[in-house]
Structures are given as C-alpha cells and as structure tokens.
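Undergrad: mmCIF, C-alpha atoms and all ligand atoms, file structure.cif:
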data_structure
loop_
_atom_site.label_atom_id
_atom_site.label_comp_id
_atom_site.auth_asym_id
_atom_site.auth_seq_id
_atom_site.Cartn_x
_atom_site.Cartn_y
_atom_site.Cartn_z
CA MET A 1 -0.45 35.82 83.58
CA ARG A 2 -2.43 38.21 81.45
CA MET A 3 -0.04 41.05 82.24
CA ILE A 4 3.00 38.98 81.41
CA ARG A 5 1.47 37.94 78.14
CA ARG A 6 0.66 41.53 77.32
CA GLY A 7 4.25 42.41 78.15
CA LEU A 8 5.58 39.93 75.68
CA THR A 9 3.19 40.76 72.90
CA ASN A 10 2.80 44.51 73.23
CA THR A 11 6.30 45.67 73.88
CA ILE A 12 9.14 45.65 71.48
CA PHE A 13 11.30 42.59 71.74
CA TRP A 14 14.59 44.26 72.63
CA ALA A 15 16.76 41.40 71.57
CA VAL A 16 19.94 42.24 69.79
CA LEU A 17 20.08 39.72 67.07
CA SER A 18 23.56 39.21 65.75
CA PHE A 19 25.12 37.19 63.10
CA VAL A 20 27.88 34.94 64.43
CA THR A 21 29.33 32.96 61.60
CA PHE A 22 28.72 32.48 57.97
CA LEU A 23 30.19 29.44 56.24
CA TYR A 24 29.79 28.33 52.71
CA SER A 25 31.38 26.11 50.13
CA PRO A 26 31.37 27.53 46.60
CA CYS A 27 29.69 24.45 45.12
CA CYS A 28 26.96 24.03 47.66
CA ALA A 29 25.13 25.83 50.36
CA ALA A 30 25.67 28.47 53.01
CA THR A 31 25.17 28.10 56.75
CA VAL A 32 24.46 31.09 58.99
CA THR A 33 24.66 31.03 62.77
CA LEU A 34 22.63 33.66 64.63
CA SER A 35 22.46 34.54 68.29
CA TRP A 36 20.26 36.89 70.31
CA ASP A 37 19.58 38.15 73.83
CA ALA A 38 17.35 35.94 75.91
CA ASN A 39 13.84 37.18 76.65
CA THR A 40 13.47 37.13 80.44
CA GLU A 41 9.67 36.95 80.76
CA SER A 42 8.51 34.07 82.93
CA ASP A 43 6.09 32.56 80.44
CA LEU A 44 8.54 32.58 77.56
CA ALA A 45 8.08 29.42 75.53
CA GLY A 46 10.53 29.89 72.69
CA TYR A 47 11.77 31.81 69.69
CA LYS A 48 11.08 31.84 66.02
CA VAL A 49 13.66 32.72 63.41
CA TYR A 50 12.27 34.39 60.29
CA TYR A 51 14.30 34.63 57.12
CA LYS A 52 14.00 35.80 53.57
CA SER A 53 16.30 36.35 50.61
CA GLY A 54 16.44 39.37 48.32
CA THR A 55 14.71 42.19 50.25
CA SER A 56 14.01 43.12 53.86
CA THR A 57 10.33 43.83 53.18
CA LEU A 58 7.99 41.90 55.47
CA PRO A 59 6.83 39.18 55.58
CA PHE A 60 9.96 37.10 55.93
CA ASN A 61 8.71 34.03 54.15
CA GLY A 62 11.89 32.29 53.00
CA THR A 63 11.78 28.66 51.97
CA ASP A 64 15.44 27.76 51.28
CA ALA A 65 16.66 26.55 54.70
CA LEU A 66 17.10 22.87 55.43
CA GLU A 67 15.58 23.55 58.87
CA GLY A 68 12.31 24.43 57.18
CA VAL A 69 10.30 27.31 55.78
CA SER A 70 10.23 30.61 57.66
CA PRO A 71 9.61 30.91 60.59
CA ILE A 72 11.78 28.22 62.14
CA ASP A 73 10.80 27.38 65.71
CA VAL A 74 14.00 26.97 67.72
CA ASN A 75 12.34 26.35 71.12
CA SER A 76 14.17 28.23 73.88
CA TRP A 77 17.61 28.25 72.29
CA THR A 78 19.16 31.70 71.86
CA THR A 79 21.27 30.63 68.93
CA ALA A 80 20.25 29.10 65.65
CA THR A 81 22.12 27.59 62.77
CA ILE A 82 20.32 27.97 59.49
CA SER A 83 21.75 25.82 56.71
CA GLY A 84 21.10 24.96 53.09
CA LEU A 85 21.01 28.63 52.07
CA ASP A 86 21.94 29.69 48.57
CA PRO A 87 25.36 31.42 48.74
CA SER A 88 24.50 33.49 45.67
CA LYS A 89 21.64 35.23 47.52
CA ALA A 90 21.62 37.84 50.29
CA TYR A 91 19.50 36.92 53.33
CA TYR A 92 17.67 38.86 56.02
CA PHE A 93 16.88 37.43 59.45
CA THR A 94 14.76 38.48 62.40
CA VAL A 95 13.70 36.75 65.62
CA THR A 96 10.54 36.86 67.72
CA ALA A 97 9.78 35.43 71.15
CA TYR A 98 6.53 33.61 71.90
CA ASP A 99 4.92 32.73 75.21
CA THR A 100 3.18 29.66 76.55
CA SER A 101 -0.14 30.83 75.08
CA GLY A 102 1.44 31.19 71.64
CA ALA A 103 1.40 35.00 71.66
CA GLU A 104 4.30 36.39 69.69
CA SER A 105 6.43 39.46 70.31
CA THR A 106 7.39 42.05 67.75
CA ASN A 107 10.47 41.43 65.66
CA SER A 108 14.01 41.90 66.82
CA ASN A 109 16.36 43.96 64.72
CA ILE A 110 16.99 42.63 61.24
CA VAL A 111 20.30 41.03 60.40
CA TYR A 112 21.55 41.16 56.86
CA VAL A 113 23.92 38.52 55.52
CA PRO A 114 25.39 39.50 52.16
CA ILE A 115 25.99 37.35 49.13
CA ALA A 116 28.93 34.98 49.64
CA VAL A 117 29.90 34.13 46.12
CA THR A 118 29.59 35.79 42.78
CA SER A 119 28.66 33.20 40.23
CA GLY A 120 31.23 32.62 37.53
CA LEU A 121 34.17 33.54 39.72
CA ALA A 122 36.89 31.05 38.82
CA PRO A 123 39.61 30.09 41.29
CA ILE A 124 43.00 31.57 40.45
CA ASP A 125 45.36 29.15 38.76
CA THR A 126 48.78 29.83 40.24
CA GLY A 127 50.43 27.03 38.24
CA ILE A 128 54.22 26.96 38.04
CA LYS A 129 55.83 29.99 39.62
CA GLY A 130 57.18 32.25 36.90
CA ASP A 131 55.44 30.36 34.08
CA ILE A 132 53.31 33.36 33.22
CA ASP A 133 52.13 32.15 29.82
CA GLY A 134 51.22 28.77 31.33
CA ASP A 135 53.00 26.62 28.75
CA GLY A 136 54.49 24.35 31.41
CA PHE A 137 57.98 25.78 31.81
CA VAL A 138 59.66 29.04 32.72
CA GLY A 139 61.33 30.52 29.66
CA LEU A 140 62.35 33.79 28.04
CA ALA A 141 58.76 34.40 26.91
CA ASP A 142 57.83 34.57 30.59
CA VAL A 143 60.66 37.01 31.32
CA LEU A 144 59.40 39.25 28.51
CA LEU A 145 55.83 39.08 29.82
CA ALA A 146 57.01 39.94 33.32
CA LEU A 147 58.94 42.89 31.89
CA LYS A 148 55.81 44.12 30.08
CA PHE A 149 53.74 43.84 33.30
CA ALA A 150 56.47 45.55 35.35
CA THR A 151 56.69 48.45 32.91
CA GLY A 152 52.92 48.76 32.52
CA LYS A 153 52.97 47.86 28.80
CA LEU A 154 50.61 44.93 29.38
CA LYS A 155 47.99 44.25 32.04
CA PRO A 156 48.15 40.72 33.47
CA SER A 157 45.08 38.59 34.06
CA ASP A 158 44.56 37.44 37.65
CA ASP A 159 46.09 34.05 36.80
CA GLN A 160 49.08 35.62 35.06
CA PHE A 161 49.59 38.02 37.93
CA ALA A 162 49.60 35.14 40.44
CA ARG A 163 52.28 33.33 38.44
CA ALA A 164 54.33 36.48 37.80
CA ASP A 165 54.45 37.71 41.40
CA VAL A 166 57.34 35.48 42.51
CA ALA A 167 59.57 38.04 44.25
CA PRO A 168 60.83 38.62 46.81
CA VAL A 169 62.53 35.28 47.40
CA THR A 170 63.41 34.68 51.03
CA ASP A 171 65.47 31.65 52.09
CA GLY A 172 64.81 30.05 48.72
CA LEU A 173 61.04 30.53 49.03
CA SER A 174 58.89 32.79 46.91
CA VAL A 175 57.02 35.34 49.02
CA PRO A 176 54.61 37.16 46.67
CA ASN A 177 54.13 40.78 47.72
CA GLY A 178 51.16 41.75 45.60
CA SER A 179 53.18 43.64 43.01
CA VAL A 180 54.86 42.66 39.77
CA ASP A 181 57.93 44.79 39.29
CA VAL A 182 61.58 44.59 38.21
CA ALA A 183 62.40 42.29 41.16
CA ASP A 184 59.96 39.71 39.76
CA VAL A 185 61.49 40.06 36.28
CA ILE A 186 64.95 39.36 37.73
CA VAL A 187 63.77 36.32 39.71
CA ILE A 188 62.04 34.87 36.63
CA LEU A 189 65.23 35.47 34.63
CA GLU A 190 67.19 33.68 37.36
CA ILE A 191 64.76 30.75 37.16
CA VAL A 192 65.40 30.61 33.40
CA THR A 193 69.18 30.66 33.85
CA GLY A 194 68.98 28.07 36.64
CA LYS A 195 70.29 30.40 39.34
CA ILE A 196 67.10 30.02 41.37
CA ILE A 197 64.91 26.96 41.69
CA LEU A 198 61.51 27.59 43.23
CA CA B 1 56.24 29.70 30.20
CA CA B 2 56.51 40.69 43.52
#
Mind turning the file's structure into structure tokens?
Ligand SMILES: [Ca+2]
Ligand SMILES: [Ca+2]
TA:
Amino acid sequence: MRMIRRGLTNTIFWAVLSFVTFLYSPCCAATVTLSWDANTESDLAGYKVYYKSGTSTLPFNGTDALEGVSPIDVNSWTTATISGLDPSKAYYFTVTAYDTSGAESTNSNIVYVPIAVTSGLAPIDTGIKGDIDGDGFVGLADVLLALKFATGKLKPSDDQFARADVAPVTDGLSVPNGSVDVADVIVILEIVTGKIIL
C-alpha cells in the first residue's frame, strides 16, 4: 500500500491530457471537454482538473467554471466537461490523479485553449445579394461600387464584400468564390437589367 501510494505521488503522472471539443456561443459561455489517459495504479481514487485563465503559471486557481473553482474533482472519470468559461479568455488545464489516501500525483501536461471570440466582432451582414450599398435594392450605384472593388479603386468593407461577391452563378444560384472581380460586376449589372434574379 505504501509503495503504491509512493508510486502515485512521487512519479510523474504520465497522462496525456488532450482537449476534445470546445463549444461556445458568442453571447454566453464556453464549454471545454478534456480527456486523459487512465492512471492504472490499484489505489487510484480519482482525478482533479485544474484550470486557470490568462497565464500558465502555477497555481491553477481559476474560478469561472460552473462546475466549481479549481481544482474540480471528477472522481474516476477520464473525461471532463468544464462549462461556463468566458469565451473572451484563454484557458490552461492540467489534471492530477489522487489515491485512496488523498495523495496527489504531479500534474499532467498542460492544455491550452485559446480565446474563442474577439469582443466587438460583428456578424457579417450579407443582406440582398448585389445590394452593395445596402439601400434595399440592386441598382447602378451597386454596379459602380462593384466595378471600383474589381479594379482596386475602392476597398470594400466585410459587409460590402459579402454582398458584392455574387458570382459565379451556377444553375441560377449565387456561389460566392471569395473574390470580387469583373464577373461579379457583370452579374450585378444583369440583376439591375432583370436578366438574372437571385
Ligand atoms: Ca443598392
Ligand atoms: Ca465572385
């Protein structure tokens, strides 16, 4: 018993901690799922997941998770889902094993989960296809804007780019190809003249 305990506490915990999934919704919170190798010692009692945001300097004393402050005791599970995390922060995680006497192993490797969202990032407004200026209809002003983007005379905003990239058109459907060029100008002109309806 004493030897086993010494094994658990004095040797490095060779678990490979890995990060499985990372989900977040921009308004709310992030959820991270972690998994690690099982510790095979006979008096293993469970694992603790440590976390922290900002830096990887010990101690990992995070407080954001819904599951509780760091460390989170996950019993003998070898996966853990940590939720309620702030998606605008980067997090670091590590796992230890503990035995029936409460003795704890050294840390596993550290897993780093980067920032999910940059605050202030607005979703792209694609609006009406070809309505680059966003006035509610596709007109000659949009054709002229597309021409300026295609010739490099004007740099589109992300929203304008999304509305200007209408070509190619395949089977009557717009298939944006990530570039605004003369093909997009022609399609927008054809929308204006009624030749194409998207
Ligand atoms: Ca317009
Ligand atoms: Ca295009």
Undergrad: Quick one: residues within 12 Å of Thr193 in chain A, only C-alpha atoms, excluding same-chain residues fewer than 6 positions away - as a ChimeraX atom specification?
TA: /A:138-140,143,186-187
Undergrad: For the residues selected in the previous step, produce a file with C-alpha atoms as a short mmCIF file (atom, residue, chain, number, x, y, z; two decimals), keeping the file's coordinate frame.
TA:
data_model
loop_
_atom_site.label_atom_id
_atom_site.label_comp_id
_atom_site.auth_asym_id
_atom_site.auth_seq_id
_atom_site.Cartn_x
_atom_site.Cartn_y
_atom_site.Cartn_z
CA VAL A 138 59.66 29.04 32.72
CA GLY A 139 61.33 30.52 29.66
CA LEU A 140 62.35 33.79 28.04
CA VAL A 143 60.66 37.01 31.32
CA ILE A 186 64.95 39.36 37.73
CA VAL A 187 63.77 36.32 39.71
#
Undergrad: Compile the contact shell of range 63-74 of chain A as a list in words: residues with an atom at most 9 Å away, counting only C-alpha atoms, same-chain residues fewer than 5 positions apart removed.
TA: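 What passes the distance filter is Thr31, Gly46, Tyr47, Lys48, Val49, Tyr50, Tyr51, Lys52, Ser53, Thr79, Ala80, Thr81, Ile82, Ser83, Gly84, Leu85, Asp86 and Val95 of chain A.
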Undergrad: Would you mind exporting C-alpha atoms of the selected residues as a CSV table (one decimal), in the coordinates of the input?
TA:
chain,number,residue,atom,x,y,z
A,31,THR,CA,25.2,28.1,56.8
A,46,GLY,CA,10.5,29.9,72.7
A,47,TYR,CA,11.8,31.8,69.7
A,48,LYS,CA,11.1,31.8,66.0
A,49,VAL,CA,13.7,32.7,63.4
A,50,TYR,CA,12.3,34.4,60.3
A,51,TYR,CA,14.3,34.6,57.1
A,52,LYS,CA,14.0,35.8,53.6
A,53,SER,CA,16.3,36.4,50.6
A,79,THR,CA,21.3,30.6,68.9
A,80,ALA,CA,20.2,29.1,65.6
A,81,THR,CA,22.1,27.6,62.8
A,82,ILE,CA,20.3,28.0,59.5
A,83,SER,CA,21.8,25.8,56.7
A,84,GLY,CA,21.1,25.0,53.1
A,85,LEU,CA,21.0,28.6,52.1
A,86,ASP,CA,21.9,29.7,48.6
A,95,VAL,CA,13.7,36.8,65.6
Undergrad: Hey, can you check how far CA of Ser42 in chain A sits from CA of Phe60 in chain A?
TA: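 Distance between the two atoms: 27.2 Å.
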Undergrad: Can I get the residues of chain A within 12 Å of ligand CA 2 (chain B), each with the closest pair of atoms and their distance in Å to one decimal, using only C-alpha atoms and all ligand atoms, sorted chain first then ascending number, as CSV?
TA:
residue,atom,partner,partner_atom,distance
A:Lys129,CA,B:CA2,CA,11.4
A:Gly130,CA,B:CA2,CA,10.7
A:Ala146,CA,B:CA2,CA,10.2
A:Phe149,CA,B:CA2,CA,11.0
A:Ala150,CA,B:CA2,CA,9.5
A:Phe161,CA,B:CA2,CA,9.3
A:Ala162,CA,B:CA2,CA,9.4
A:Arg163,CA,B:CA2,CA,9.9
A:Ala164,CA,B:CA2,CA,7.4
A:Asp165,CA,B:CA2,CA,4.2
A:Val166,CA,B:CA2,CA,5.4
A:Ala167,CA,B:CA2,CA,4.1
A:Pro168,CA,B:CA2,CA,5.8
A:Val169,CA,B:CA2,CA,9.0
A:Thr170,CA,B:CA2,CA,11.8
A:Ser174,CA,B:CA2,CA,8.9
A:Val175,CA,B:CA2,CA,7.7
A:Pro176,CA,B:CA2,CA,5.1
A:Asn177,CA,B:CA2,CA,4.8
A:Gly178,CA,B:CA2,CA,5.8
A:Ser179,CA,B:CA2,CA,4.5
A:Val180,CA,B:CA2,CA,4.5
A:Asp181,CA,B:CA2,CA,6.1
A:Val182,CA,B:CA2,CA,8.3
A:Ala183,CA,B:CA2,CA,6.5
A:Asp184,CA,B:CA2,CA,5.2
A:Val185,CA,B:CA2,CA,8.8
A:Ile186,CA,B:CA2,CA,10.3
A:Val187,CA,B:CA2,CA,9.3
A:Ile188,CA,B:CA2,CA,10.6
Undergrad: Looking at all atoms listed in the file, which of A:Lys148, A:Phe137, A:Pro156, A:Ser108 is the one that sits closest to ligand CA 1 (chain B)?
TA: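 Ranking A:Lys148, A:Phe137, A:Pro156, A:Ser108 by distance to ligand CA 1 (chain B), first place goes to A:Phe137.
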Undergrad: Between A:Gly127, A:Thr100, A:Tyr91, A:Lys155, which is the closest to Asn61 in chain A once you count all atoms listed in the file?
TA: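 The shortest atom-to-atom distance to Asn61 in chain A comes from A:Tyr91.
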Undergrad: Go through A:Ser18, A:Ser56, A:Thr151, A:Thr96 and flag the residue nearest Val32 in chain A, using all atoms listed in the file for the distances.
TA: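 Answer, going by the shortest atom-to-atom distance: A:Ser18.
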Undergrad: How many Å separate CA of Ile110 in chain A from CA of Leu34 in chain A?
TA: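 That distance, rounded to one decimal, is 11.1 Å.
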Undergrad: As a list in words, please: the residues near Ile197 in chain A (cut-off 9 Å, only C-alpha atoms, same-chain neighbours under 4 positions excluded).
TA: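 The residues that qualify are Gly172, Glu190 and Ile191 of chain A.
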Undergrad: To one decimal place, how far is CA of Pro114 in chain A from CA of Asp37 in chain A in Å?
TA: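 So the answer is 22.5 Å.
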Undergrad: Give the residue list for ligand CA 1 (chain B) at 6 Å, counting all atoms listed in the file, as a list of chain:residue names, sorted by chain and then by residue number.
TA: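 Based on all atoms listed in the file, ligand CA 1 (chain B) is surrounded within 6 Å by A:Asp131, A:Ile132, A:Asp133, A:Gly134, A:Asp135, A:Gly136, A:Phe137, A:Val138, A:Gly139, A:Asp142.
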Undergrad: To test the calculation: enclose all listed atoms of range 42-51 of chain A in a box whose edges run along x, y and z, add 8 Å on each side, then state centre and edge lengths in Å to one decimal, as AutoDock Vina command-line options.
TA:
--center_x 10.2 --center_y 32.0 --center_z 70.0 --size_x 24.2 --size_y 21.2 --size_z 41.8
Undergrad: Given the choices A:Asn107, A:Asn39, A:Gly102, A:Ala30, which gets closest to Pro59 in chain A if the distance is worked out from only C-alpha atoms?
TA: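 Smallest distance to Pro59 in chain A is found for A:Asn107.
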Undergrad: Tell me, as a VMD selection string, which residues lie within 7 Å of Ala45 in chain A, counting all atoms listed in the file; anything in the same chain fewer than 3 positions away does not count.
TA: chain A and resid 75 to 76 98 to 100
